[in-house]
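Peer 1: Following this line is structure_15.cif, made up of mmCIF, C-alpha atoms and all ligand atoms:
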```
data_data
loop_
_atom_site.label_atom_id
_atom_site.label_comp_id
_atom_site.auth_asym_id
_atom_site.auth_seq_id
_atom_site.Cartn_x
_atom_site.Cartn_y
_atom_site.Cartn_z
CA MET H 11 0.00 0.00 0.00
CA ALA H 12 1.25 3.49 -0.86
CA THR H 13 1.93 5.48 2.28
CA VAL H 14 1.25 9.21 2.54
CA VAL H 15 2.69 10.80 5.66
CA LEU H 16 1.24 14.20 6.48
CA VAL H 17 3.36 16.23 8.90
CA THR H 18 1.34 19.07 10.45
CA GLY H 19 3.58 21.87 11.68
CA GLY H 20 5.95 20.81 8.91
CA THR H 21 7.58 24.25 8.74
CA GLY H 22 8.53 24.50 12.44
CA LEU H 23 11.69 23.48 14.30
CA LEU H 24 10.78 19.80 14.46
CA GLY H 25 8.96 19.66 11.11
CA LYS H 26 12.03 21.01 9.31
CA ALA H 27 14.21 18.47 11.11
CA LEU H 28 11.93 15.63 9.97
CA GLU H 29 12.12 16.91 6.40
CA HIS H 30 15.93 17.04 6.66
CA ILE H 31 16.16 13.47 8.00
CA ILE H 32 13.71 12.09 5.44
CA GLU H 33 15.59 13.74 2.59
CA THR H 34 19.18 13.10 3.67
CA GLU H 35 19.36 9.70 5.38
CA PRO H 36 21.40 7.31 3.23
CA VAL H 37 19.68 4.49 1.32
CA GLY H 38 18.98 1.61 3.68
CA SER H 39 18.91 3.75 6.83
CA LYS H 40 16.00 2.77 9.05
CA PHE H 41 15.24 6.48 9.47
CA GLY H 42 15.13 7.28 5.75
CA LYS H 43 12.26 7.59 3.32
CA ARG H 44 10.95 4.35 1.87
CA PRO H 45 10.30 3.99 -1.89
CA ASN H 46 6.50 3.71 -1.49
CA GLU H 47 6.23 6.80 0.72
CA THR H 48 5.16 10.37 0.01
CA TRP H 49 5.82 12.93 2.72
CA ILE H 50 3.86 16.20 2.95
CA PHE H 51 5.15 18.97 5.23
CA ALA H 52 2.20 21.30 5.85
CA SER H 53 2.31 24.85 7.22
CA SER H 54 -0.52 27.06 8.48
CA ALA H 55 -0.73 28.50 4.95
CA ASP H 56 -1.86 25.04 3.75
CA GLY H 57 -4.75 25.17 6.19
CA ASP H 58 -5.49 26.74 9.56
CA LEU H 59 -5.99 23.67 11.72
CA ARG H 60 -8.09 25.63 14.22
CA ASP H 61 -10.78 25.48 11.57
CA PRO H 62 -12.50 22.09 10.97
CA ALA H 63 -13.35 22.90 7.32
CA GLN H 64 -9.74 23.79 6.47
CA THR H 65 -8.49 20.71 8.32
CA ASN H 66 -10.86 18.46 6.38
CA LYS H 67 -9.79 20.06 3.13
CA LEU H 68 -6.16 19.24 3.92
CA TYR H 69 -7.07 15.59 4.57
CA GLU H 70 -9.16 15.46 1.39
CA LYS H 71 -6.32 16.94 -0.65
CA TYR H 72 -3.53 14.62 0.54
CA LYS H 73 -5.47 11.59 1.81
CA PRO H 74 -2.82 10.80 4.43
CA THR H 75 -2.48 7.24 5.60
CA HIS H 76 -0.28 8.45 8.48
CA VAL H 77 -0.14 11.77 10.32
CA ILE H 78 2.70 13.14 12.43
CA HIS H 79 0.94 15.93 14.24
CA LEU H 80 3.37 18.65 15.32
CA ALA H 81 1.34 21.81 14.69
CA ALA H 82 0.75 23.80 17.85
CA LEU H 83 0.77 27.26 19.28
CA VAL H 84 4.18 27.10 20.99
CA GLY H 85 5.97 29.70 23.09
CA GLY H 86 8.23 30.48 26.04
CA VAL H 87 7.06 31.20 29.59
CA TYR H 88 6.31 34.89 28.97
CA LYS H 89 3.93 34.25 26.07
CA ASN H 90 2.33 31.27 27.82
CA MET H 91 1.57 33.36 30.90
CA LYS H 92 0.21 36.31 28.93
CA TYR H 93 -2.05 34.35 26.58
CA LYS H 94 -3.33 31.44 28.68
CA LEU H 95 -6.73 31.20 27.04
CA THR H 96 -5.31 31.51 23.51
CA PHE H 97 -2.81 28.71 24.23
CA LEU H 98 -5.59 26.56 25.68
CA ARG H 99 -8.17 27.20 22.97
CA ASP H 100 -5.99 27.23 19.85
CA ASN H 101 -4.29 24.01 20.85
CA ILE H 102 -7.55 22.29 21.81
CA LEU H 103 -9.06 23.26 18.44
CA ILE H 104 -5.99 22.21 16.44
CA ASN H 105 -5.72 18.84 18.20
CA ASP H 106 -9.42 18.06 18.07
CA ASN H 107 -9.67 18.89 14.36
CA VAL H 108 -6.57 16.87 13.44
CA LEU H 109 -7.64 13.79 15.41
CA HIS H 110 -11.26 13.89 14.31
CA ALA H 111 -10.37 14.38 10.65
CA ALA H 112 -7.97 11.42 10.97
CA TYR H 113 -10.83 9.33 12.35
CA THR H 114 -13.35 10.36 9.66
CA HIS H 115 -10.79 9.90 6.86
CA LYS H 116 -9.75 6.48 8.21
CA THR H 117 -6.12 7.48 8.69
CA VAL H 118 -4.16 4.39 9.73
CA LYS H 119 -2.05 6.03 12.42
CA VAL H 120 -1.51 9.39 14.14
CA ILE H 121 1.44 10.37 16.33
CA SER H 122 0.86 13.63 18.19
CA CYS H 123 3.51 15.65 19.93
CA LEU H 124 3.09 16.53 23.61
CA SER H 125 5.73 18.12 25.85
CA THR H 126 7.17 17.58 29.32
CA CYS H 127 5.18 20.74 30.27
CA VAL H 128 2.13 18.44 30.52
CA PHE H 129 3.44 16.87 33.73
CA PRO H 130 2.15 17.93 37.16
CA ASP H 131 3.96 20.74 38.91
CA LYS H 132 4.19 18.77 42.14
CA VAL H 133 5.48 15.35 41.16
CA GLU H 134 8.12 12.86 42.14
CA TYR H 135 11.12 12.90 39.77
CA PRO H 136 12.12 11.52 37.38
CA LEU H 137 9.07 12.11 35.20
CA ASP H 138 7.75 9.02 33.50
CA GLU H 139 4.85 8.19 31.20
CA ASN H 140 2.53 7.15 34.05
CA LYS H 141 2.53 10.51 35.84
CA ILE H 142 0.91 12.83 33.27
CA HIS H 143 -2.49 13.15 34.93
CA ASN H 144 -1.37 12.96 38.57
CA GLY H 145 -1.89 16.63 39.48
CA LEU H 146 -2.15 20.12 38.06
CA PRO H 147 0.48 21.37 35.63
CA HIS H 148 2.58 24.43 36.48
CA GLU H 149 0.31 27.47 36.42
CA SER H 150 2.63 29.41 34.07
CA ASN H 151 1.67 27.17 31.14
CA PHE H 152 -1.59 25.68 32.29
CA GLY H 153 -3.44 26.51 29.02
CA TYR H 154 -0.88 24.81 26.79
CA ALA H 155 -0.41 21.90 29.22
CA HIS H 156 -4.11 21.12 29.64
CA ALA H 157 -4.69 21.23 25.87
CA LYS H 158 -1.76 18.84 25.32
CA ARG H 159 -2.89 16.48 28.10
CA MET H 160 -6.27 16.20 26.40
CA VAL H 161 -4.58 14.62 23.36
CA ASP H 162 -3.65 11.64 25.52
CA VAL H 163 -7.24 11.46 26.81
CA GLN H 164 -8.59 11.67 23.24
CA ASN H 165 -6.15 9.02 21.98
CA HIS H 166 -7.46 6.58 24.58
CA ALA H 167 -11.10 7.45 23.85
CA TYR H 168 -10.64 7.09 20.05
CA LYS H 169 -8.97 3.74 20.60
CA GLU H 170 -11.61 2.45 23.00
CA GLU H 171 -14.65 3.60 21.02
CA PHE H 172 -13.38 3.24 17.44
CA GLY H 173 -10.15 1.19 17.63
CA CYS H 174 -8.00 4.05 16.24
CA ASN H 175 -4.20 3.73 16.29
CA PHE H 176 -3.48 7.16 17.79
CA THR H 177 -0.53 7.74 20.10
CA SER H 178 1.72 10.52 21.39
CA ALA H 179 5.35 11.42 22.02
CA ILE H 180 6.68 13.54 24.87
CA PRO H 181 9.95 15.27 23.98
CA THR H 182 12.05 17.30 26.42
CA SER H 183 13.34 20.73 25.33
CA ILE H 184 14.17 20.70 21.60
CA PHE H 185 16.86 22.73 19.79
CA GLY H 186 18.28 22.82 16.29
CA PRO H 187 18.21 24.68 12.96
CA HIS H 188 14.96 26.61 12.18
CA ASP H 189 14.27 27.23 15.89
CA ASN H 190 12.26 30.22 17.08
CA TYR H 191 14.83 32.89 18.10
CA ASP H 192 12.30 35.63 18.90
CA LEU H 193 13.52 36.87 22.30
CA GLU H 194 9.93 37.35 23.46
CA ALA H 195 9.01 33.73 22.74
CA ALA H 196 12.19 31.65 22.53
CA HIS H 197 13.15 28.69 24.70
CA VAL H 198 16.49 28.77 26.54
CA ILE H 199 18.93 27.59 23.82
CA PRO H 200 17.64 29.71 20.90
CA ALA H 201 17.30 32.73 23.24
CA LEU H 202 20.92 32.37 24.42
CA ILE H 203 22.19 31.84 20.87
CA HIS H 204 20.42 35.03 19.76
CA ARG H 205 21.66 37.05 22.76
CA CYS H 206 25.25 35.88 22.31
CA TYR H 207 25.05 36.70 18.59
CA LEU H 208 23.83 40.25 19.35
CA ALA H 209 26.49 40.73 22.05
CA LYS H 210 29.20 39.74 19.58
CA LYS H 211 27.78 41.88 16.78
CA ASN H 212 27.20 44.98 18.93
CA ASN H 213 30.28 44.52 21.12
CA THR H 214 28.19 44.40 24.29
CA SER H 215 28.01 42.01 27.28
CA PHE H 216 26.47 38.57 26.93
CA ILE H 217 24.06 38.46 29.85
CA VAL H 218 22.41 35.20 30.85
CA GLY H 219 19.20 35.50 32.92
CA GLY H 220 19.30 33.74 36.32
CA THR H 221 22.15 31.96 38.09
CA GLY H 222 22.98 29.51 35.30
CA LYS H 223 22.48 26.64 37.75
CA PRO H 224 19.16 25.06 36.66
CA LEU H 225 19.50 21.72 34.88
CA ARG H 226 17.63 20.59 31.78
CA GLN H 227 17.58 17.74 29.25
CA PHE H 228 17.91 18.99 25.69
CA ILE H 229 17.26 16.96 22.57
CA PHE H 230 18.68 17.82 19.14
CA SER H 231 15.87 18.20 16.58
CA TYR H 232 17.56 15.84 14.09
CA ASP H 233 17.80 13.09 16.75
CA LEU H 234 14.18 13.65 17.73
CA ALA H 235 13.14 13.47 14.07
CA LYS H 236 14.74 10.01 13.85
CA LEU H 237 12.85 8.92 16.96
CA PHE H 238 9.58 10.03 15.36
CA VAL H 239 10.41 7.97 12.24
CA TRP H 240 11.05 5.00 14.52
CA MET H 241 7.67 5.56 16.21
CA LEU H 242 5.97 5.77 12.83
CA ARG H 243 7.39 2.39 11.83
CA GLU H 244 7.49 0.50 15.11
CA TYR H 245 5.49 2.01 17.95
CA ASP H 246 1.82 1.02 17.96
CA ASP H 247 0.88 1.58 21.59
CA VAL H 248 -1.69 4.21 22.62
CA GLU H 249 0.35 5.04 25.72
CA PRO H 250 2.67 8.05 25.32
CA ILE H 251 6.45 7.65 25.23
CA ILE H 252 9.06 10.12 26.47
CA LEU H 253 11.65 10.94 23.78
CA SER H 254 14.74 12.21 25.55
CA VAL H 255 18.41 11.79 26.26
CA ALA H 256 19.18 9.97 29.54
CA GLU H 257 18.77 11.68 32.91
CA GLU H 258 22.55 11.67 33.31
CA GLU H 259 22.80 13.95 30.27
CA GLU H 260 21.23 16.92 32.07
CA LEU H 261 23.11 20.17 31.45
CA SER H 262 23.16 23.39 33.45
CA VAL H 263 22.22 26.65 31.77
CA LYS H 264 25.85 27.72 32.40
CA GLU H 265 27.17 24.69 30.53
CA VAL H 266 24.86 25.58 27.64
CA ALA H 267 25.99 29.23 27.67
CA ASP H 268 29.66 28.15 27.74
CA ALA H 269 29.09 25.88 24.73
CA ILE H 270 27.35 28.71 22.85
CA ILE H 271 30.23 31.09 23.59
CA LYS H 272 32.64 28.50 22.21
CA ALA H 273 30.57 27.79 19.10
CA MET H 274 30.07 31.51 18.46
CA ALA H 275 33.77 32.31 19.17
CA PHE H 276 32.53 35.09 21.48
CA GLU H 277 35.37 36.79 23.39
CA GLY H 278 33.52 39.66 25.09
CA HIS H 279 32.22 40.10 28.64
CA TYR H 280 29.84 37.42 29.97
CA SER H 281 27.79 37.48 33.18
CA PHE H 282 24.67 36.19 34.93
CA ASP H 283 21.77 38.45 35.87
CA THR H 284 20.82 36.84 39.19
CA THR H 285 17.87 39.24 39.62
CA LYS H 286 16.09 37.16 36.94
CA ALA H 287 14.11 34.09 38.04
CA ASP H 288 15.70 30.66 37.55
CA GLY H 289 12.51 28.65 37.17
CA GLN H 290 12.45 25.09 38.41
CA PHE H 291 15.91 23.80 39.41
CA ARG H 292 15.50 20.53 37.51
CA LYS H 293 12.72 18.39 36.09
CA PRO H 294 14.43 15.22 34.89
CA ALA H 295 12.52 12.84 32.62
CA SER H 296 13.28 9.14 32.29
CA ASN H 297 14.00 7.70 28.82
CA LYS H 298 13.92 4.14 30.18
CA LYS H 299 10.81 3.17 28.20
CA LEU H 300 12.32 4.51 24.96
CA ILE H 301 15.54 2.55 25.38
CA GLU H 302 13.65 -0.60 26.43
CA ARG H 303 11.40 -0.40 23.36
CA MET H 304 13.95 0.78 20.82
CA GLY H 305 17.17 -0.78 21.99
CA SER H 306 20.12 1.59 21.76
CA PHE H 307 20.05 4.95 19.99
CA GLN H 308 23.09 7.06 19.15
CA PHE H 309 22.31 10.64 20.25
CA THR H 310 24.43 13.37 18.63
CA PRO H 311 26.97 14.71 21.17
CA PHE H 312 25.62 18.00 22.57
CA GLU H 313 28.53 20.22 21.49
CA GLN H 314 28.38 18.91 17.93
CA ALA H 315 24.61 19.48 17.72
CA LEU H 316 24.92 22.92 19.25
CA ASP H 317 27.70 23.83 16.83
CA MET H 318 25.45 22.91 13.89
CA SER H 319 22.59 24.95 15.35
CA VAL H 320 24.75 28.04 15.98
CA LYS H 321 26.23 27.79 12.47
CA TRP H 322 22.73 27.56 11.01
CA PHE H 323 21.64 30.66 12.95
CA ILE H 324 24.64 32.72 11.81
CA GLU H 325 24.20 31.67 8.18
CA ASN H 326 20.42 32.26 8.22
CA TYR H 327 20.15 35.28 10.51
CA ASP H 328 18.31 37.40 7.95
CA THR H 329 15.51 34.88 7.46
CA ALA H 330 15.45 33.16 10.87
CA ARG H 331 12.52 33.75 13.24
CA THR H 332 14.15 36.52 15.28
CA GLY H 333 11.10 38.69 16.06
CA ASN H 334 11.23 42.39 16.90
CA LYS H 335 14.66 42.28 18.48
CA LYS H 336 16.23 41.67 15.07
CA ALA H 337 17.27 45.28 14.69
CA ALA H 338 18.75 45.45 18.22
N1 LIG N 401 10.30 23.55 20.89
C1 LIG N 401 10.35 22.80 21.96
O1 LIG N 401 11.30 22.89 22.76
C2 LIG N 401 9.28 21.76 22.21
C3 LIG N 401 9.43 20.93 23.35
C4 LIG N 401 8.50 19.93 23.57
C5 LIG N 401 7.45 19.75 22.68
N2 LIG N 401 7.31 20.56 21.60
C6 LIG N 401 6.19 20.30 20.69
O2 LIG N 401 6.76 19.93 19.44
C7 LIG N 401 5.89 20.30 18.37
C8 LIG N 401 6.67 21.10 17.36
O3 LIG N 401 7.20 22.24 18.00
P1 LIG N 401 8.17 23.26 17.25
O4 LIG N 401 9.09 23.82 18.28
O5 LIG N 401 8.68 22.62 16.02
O6 LIG N 401 7.11 24.41 16.88
P2 LIG N 401 7.32 25.69 15.97
O7 LIG N 401 8.71 25.79 15.46
O8 LIG N 401 6.75 26.85 16.72
O9 LIG N 401 6.37 25.35 14.72
C9 LIG N 401 4.99 25.33 14.89
C10 LIG N 401 4.40 24.73 13.62
O10 LIG N 401 2.99 24.65 13.80
C11 LIG N 401 2.35 25.30 12.72
N3 LIG N 401 1.10 25.91 13.19
C12 LIG N 401 0.92 26.73 14.26
N4 LIG N 401 -0.37 27.10 14.35
C13 LIG N 401 -1.02 26.48 13.32
C14 LIG N 401 -2.38 26.46 12.87
N5 LIG N 401 -3.32 27.17 13.51
N6 LIG N 401 -2.68 25.74 11.77
C15 LIG N 401 -1.73 25.02 11.11
N7 LIG N 401 -0.44 24.98 11.49
C16 LIG N 401 -0.09 25.71 12.58
C17 LIG N 401 3.34 26.36 12.25
O11 LIG N 401 3.05 26.72 10.91
P3 LIG N 401 3.60 28.13 10.29
O12 LIG N 401 5.07 27.94 10.02
O13 LIG N 401 2.83 28.30 9.04
O14 LIG N 401 3.32 29.17 11.33
C18 LIG N 401 4.65 25.59 12.37
O15 LIG N 401 4.84 24.74 11.27
C19 LIG N 401 4.74 21.08 19.01
O16 LIG N 401 3.62 20.24 19.11
C20 LIG N 401 5.27 21.45 20.38
O17 LIG N 401 4.23 21.57 21.31
C21 LIG N 401 8.21 21.57 21.35
#
```
Could you spell out this file's structure in structure tokens?
Peer 2:
Amino acid sequence: MATVVLVTGGTGLLGKALEHIIETEPVGSKFGKRPNETWIFASSADGDLRDPAQTNKLYEKYKPTHVIHLAALVGGVYKNMKYKLTFLRDNILINDNVLHAAYTHKTVKVISCLSTCVFPDKVEYPLDENKIHNGLPHESNFGYAHAKRMVDVQNHAYKEEFGCNFTSAIPTSIFGPHDNYDLEAAHVIPALIHRCYLAKKNNTSFIVGGTGKPLRQFIFSYDLAKLFVWMLREYDDVEPIILSVAEEEELSVKEVADAIIKAMAFEGHYSFDTTKADGQFRKPASNKKLIERMGSFQFTPFEQALDMSVKWFIENYDTARTGNKKAA
């Protein structure tokens, strides 16, 4: 049977990484494109997924047998706190339309993308797949988190009532080429890359918000893209799966900033603004289930992945998503 894989959010950080992997993996690679496959990378211009009619039209046009659902309203803490209802509503609408259209069009399989933000604020670490619904998410992103949690609820309900093969992935913080570098909306790595770039360009200090001590697990978008391809081919369980490097691979914000300075060859003044909030000290997630199910996986060493991401940003500064601060 011919396979048509529709990637929603195909123009974002992760969508672009999937496109890169699908197009560049060598023949015979288990992460590469197969001869009978067509891949469609859709953007919001191909259809606003908040609208059921436009979503249906997209399904009618491409008739996907498989959907990798990445489209979402995504943002950093500031945006999430300011637009709680918009994050809740837009993401609920997008997810409901994508899943329901998949059901009505008899799509064989859907993999939706959640986030470790879905986990309860008060929880025993490490995070694992069984703890998603065990308490309220952090109030700073409660709109986004509740909308994402509902995908897991819907996946179970679609399976129980209609036997649908819908599942979800839970990645930790993603970075890579085509990230969102808008300083109002960016996550930690793209924000620091952008700030360091501006400090170098304008001969000013590189200032990192907070103490630099918090620890996080970061996953390179190209590695994550391969894990999604593996899920597409091999993972047929409704239960979500955390896609992450191991807990031992946590890095401090300072380690990340040091690596950015090195990759950017920045030689100016560098300091921490300790008046800025640090956020949670750590929120480690376990990748035990992933490794048990997949066997081993070779993650790209952090410095190498970061180097590629910084290089991409420098080479694509004029077209990258840098927001209003571009002229700074
Ligand atoms: N970035 C992270 O660190 C992170 C961590 C964990 C999980 N995730 C999840 O991973 C997935 C991908 O994230 P990302 O960082 O790649 O996002 P991104 O770079 O912000 O890209 C978002 C994508 O969604 C599309 N989109 C947004 N609103 C849409 C709408 N109303 N209709 C149709 N398409 C719409 C965008 O299309 P346009 O280009 O046309 O705007 C874009 O392709 C998301 O589900 C996100 O929740 C991200």
Peer 1: Just the number, please: distance in Å from atom C10 of ligand LIG 401 (chain N) to CA of Val128 (chain H), one decimal.
Peer 2: 18.2 Å
Peer 1: Set out as a tab-separated table a contact list for chain H and ligand LIG 401 (chain N) with a cut-off of 8 Å, giving each residue of chain H that qualifies its closest atom pair and distance in Å to one decimal, counting all atoms listed in the file, ordered by chain and rising residue number.
Peer 2:
```
residue	atom	partner	partner_atom	distance
H:Thr18	CA	N:LIG401	N7	6.3
H:Gly19	CA	N:LIG401	O15	3.2
H:Gly20	CA	N:LIG401	O15	4.7
H:Thr21	CA	N:LIG401	O15	3.8
H:Gly22	CA	N:LIG401	O9	3.3
H:Leu23	CA	N:LIG401	O5	3.6
H:Leu24	CA	N:LIG401	O5	3.8
H:Gly25	CA	N:LIG401	O5	5.7
H:Lys26	CA	N:LIG401	O5	7.7
H:Ala52	CA	N:LIG401	O15	6.9
H:Ser53	CA	N:LIG401	O13	3.9
H:Ser54	CA	N:LIG401	C15	3.5
H:Ala55	CA	N:LIG401	O13	5.4
H:Asp56	CA	N:LIG401	C15	7.4
H:Gly57	CA	N:LIG401	C15	5.8
H:Asp58	CA	N:LIG401	N6	3.7
H:Leu59	CA	N:LIG401	N6	3.9
H:Arg60	CA	N:LIG401	N5	5.1
H:Asp61	CA	N:LIG401	N5	7.9
H:His79	CA	N:LIG401	O16	7.0
H:Leu80	CA	N:LIG401	O16	4.1
H:Ala81	CA	N:LIG401	O10	3.4
H:Ala82	CA	N:LIG401	C12	4.6
H:Leu83	CA	N:LIG401	C12	5.1
H:Val84	CA	N:LIG401	O8	5.0
H:Gly85	CA	N:LIG401	O8	7.0
H:Asp100	CA	N:LIG401	N5	6.9
H:Ile104	CA	N:LIG401	N5	6.3
H:Ser122	CA	N:LIG401	O16	7.2
H:Cys123	CA	N:LIG401	O16	4.7
H:Leu124	CA	N:LIG401	C5	5.5
H:Ser125	CA	N:LIG401	C5	4.0
H:Thr126	CA	N:LIG401	C4	6.4
H:Cys127	CA	N:LIG401	C4	7.5
H:Lys158	CA	N:LIG401	O17	7.7
H:Ile180	CA	N:LIG401	C5	6.6
H:Pro181	CA	N:LIG401	C4	4.9
H:Thr182	CA	N:LIG401	C4	5.3
H:Ser183	CA	N:LIG401	O1	3.9
H:Ile184	CA	N:LIG401	O1	3.8
H:Phe185	CA	N:LIG401	O1	6.3
H:His188	CA	N:LIG401	O7	7.1
H:Asp189	CA	N:LIG401	O7	5.8
H:Asn190	CA	N:LIG401	O7	5.9
H:His197	CA	N:LIG401	O1	6.4
```
Peer 1: Atoms to include: C-alpha atoms. Write the selected residues as a PDB file, in the coordinates of the input.
Peer 2:
```pdb
ATOM      1  CA  THR H  18       1.340  19.070  10.450  1.00  0.00           C
ATOM      2  CA  GLY H  19       3.580  21.870  11.680  1.00  0.00           C
ATOM      3  CA  GLY H  20       5.950  20.810   8.910  1.00  0.00           C
ATOM      4  CA  THR H  21       7.580  24.250   8.740  1.00  0.00           C
ATOM      5  CA  GLY H  22       8.530  24.500  12.440  1.00  0.00           C
ATOM      6  CA  LEU H  23      11.690  23.480  14.300  1.00  0.00           C
ATOM      7  CA  LEU H  24      10.780  19.800  14.460  1.00  0.00           C
ATOM      8  CA  GLY H  25       8.960  19.660  11.110  1.00  0.00           C
ATOM      9  CA  LYS H  26      12.030  21.010   9.310  1.00  0.00           C
ATOM     10  CA  ALA H  52       2.200  21.300   5.850  1.00  0.00           C
ATOM     11  CA  SER H  53       2.310  24.850   7.220  1.00  0.00           C
ATOM     12  CA  SER H  54      -0.520  27.060   8.480  1.00  0.00           C
ATOM     13  CA  ALA H  55      -0.730  28.500   4.950  1.00  0.00           C
ATOM     14  CA  ASP H  56      -1.860  25.040   3.750  1.00  0.00           C
ATOM     15  CA  GLY H  57      -4.750  25.170   6.190  1.00  0.00           C
ATOM     16  CA  ASP H  58      -5.490  26.740   9.560  1.00  0.00           C
ATOM     17  CA  LEU H  59      -5.990  23.670  11.720  1.00  0.00           C
ATOM     18  CA  ARG H  60      -8.090  25.630  14.220  1.00  0.00           C
ATOM     19  CA  ASP H  61     -10.780  25.480  11.570  1.00  0.00           C
ATOM     20  CA  HIS H  79       0.940  15.930  14.240  1.00  0.00           C
ATOM     21  CA  LEU H  80       3.370  18.650  15.320  1.00  0.00           C
ATOM     22  CA  ALA H  81       1.340  21.810  14.690  1.00  0.00           C
ATOM     23  CA  ALA H  82       0.750  23.800  17.850  1.00  0.00           C
ATOM     24  CA  LEU H  83       0.770  27.260  19.280  1.00  0.00           C
ATOM     25  CA  VAL H  84       4.180  27.100  20.990  1.00  0.00           C
ATOM     26  CA  GLY H  85       5.970  29.700  23.090  1.00  0.00           C
ATOM     27  CA  ASP H 100      -5.990  27.230  19.850  1.00  0.00           C
ATOM     28  CA  ILE H 104      -5.990  22.210  16.440  1.00  0.00           C
ATOM     29  CA  SER H 122       0.860  13.630  18.190  1.00  0.00           C
ATOM     30  CA  CYS H 123       3.510  15.650  19.930  1.00  0.00           C
ATOM     31  CA  LEU H 124       3.090  16.530  23.610  1.00  0.00           C
ATOM     32  CA  SER H 125       5.730  18.120  25.850  1.00  0.00           C
ATOM     33  CA  THR H 126       7.170  17.580  29.320  1.00  0.00           C
ATOM     34  CA  CYS H 127       5.180  20.740  30.270  1.00  0.00           C
ATOM     35  CA  LYS H 158      -1.760  18.840  25.320  1.00  0.00           C
ATOM     36  CA  ILE H 180       6.680  13.540  24.870  1.00  0.00           C
ATOM     37  CA  PRO H 181       9.950  15.270  23.980  1.00  0.00           C
ATOM     38  CA  THR H 182      12.050  17.300  26.420  1.00  0.00           C
ATOM     39  CA  SER H 183      13.340  20.730  25.330  1.00  0.00           C
ATOM     40  CA  ILE H 184      14.170  20.700  21.600  1.00  0.00           C
ATOM     41  CA  PHE H 185      16.860  22.730  19.790  1.00  0.00           C
ATOM     42  CA  HIS H 188      14.960  26.610  12.180  1.00  0.00           C
ATOM     43  CA  ASP H 189      14.270  27.230  15.890  1.00  0.00           C
ATOM     44  CA  ASN H 190      12.260  30.220  17.080  1.00  0.00           C
ATOM     45  CA  HIS H 197      13.150  28.690  24.700  1.00  0.00           C
TER      46      HIS H 197
END
```
Peer 1: Hey, which of H:Ser150, H:Ala195, H:Leu202, H:Ile102 ends up closest to Gln164 (chain H)? Count only C-alpha atoms.
Peer 2: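 Between H:Ser150, H:Ala195, H:Leu202, H:Ile102, the residue approaching Gln164 (chain H) most closely is H:Ile102.
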Peer 1: Do a neighbour search on region 268-270 of chain H at 12 Å with only C-alpha atoms, toss out local chain neighbours closer than 5 positions, and write the hits as a VMD selection string.
Peer 2: chain H and resid 198 to 207 210 216 to 218 222 261 to 263 275 to 277 280 to 282 311 to 321 323
Peer 1: In file coordinates, which residues lie within 12 Å of (-10.1, 3.3, 17.9) using all atoms listed in the file, given as a PyMOL selection string?
Peer 2: chain H and resi 109-110+112-114+116-120+164-177+247-248
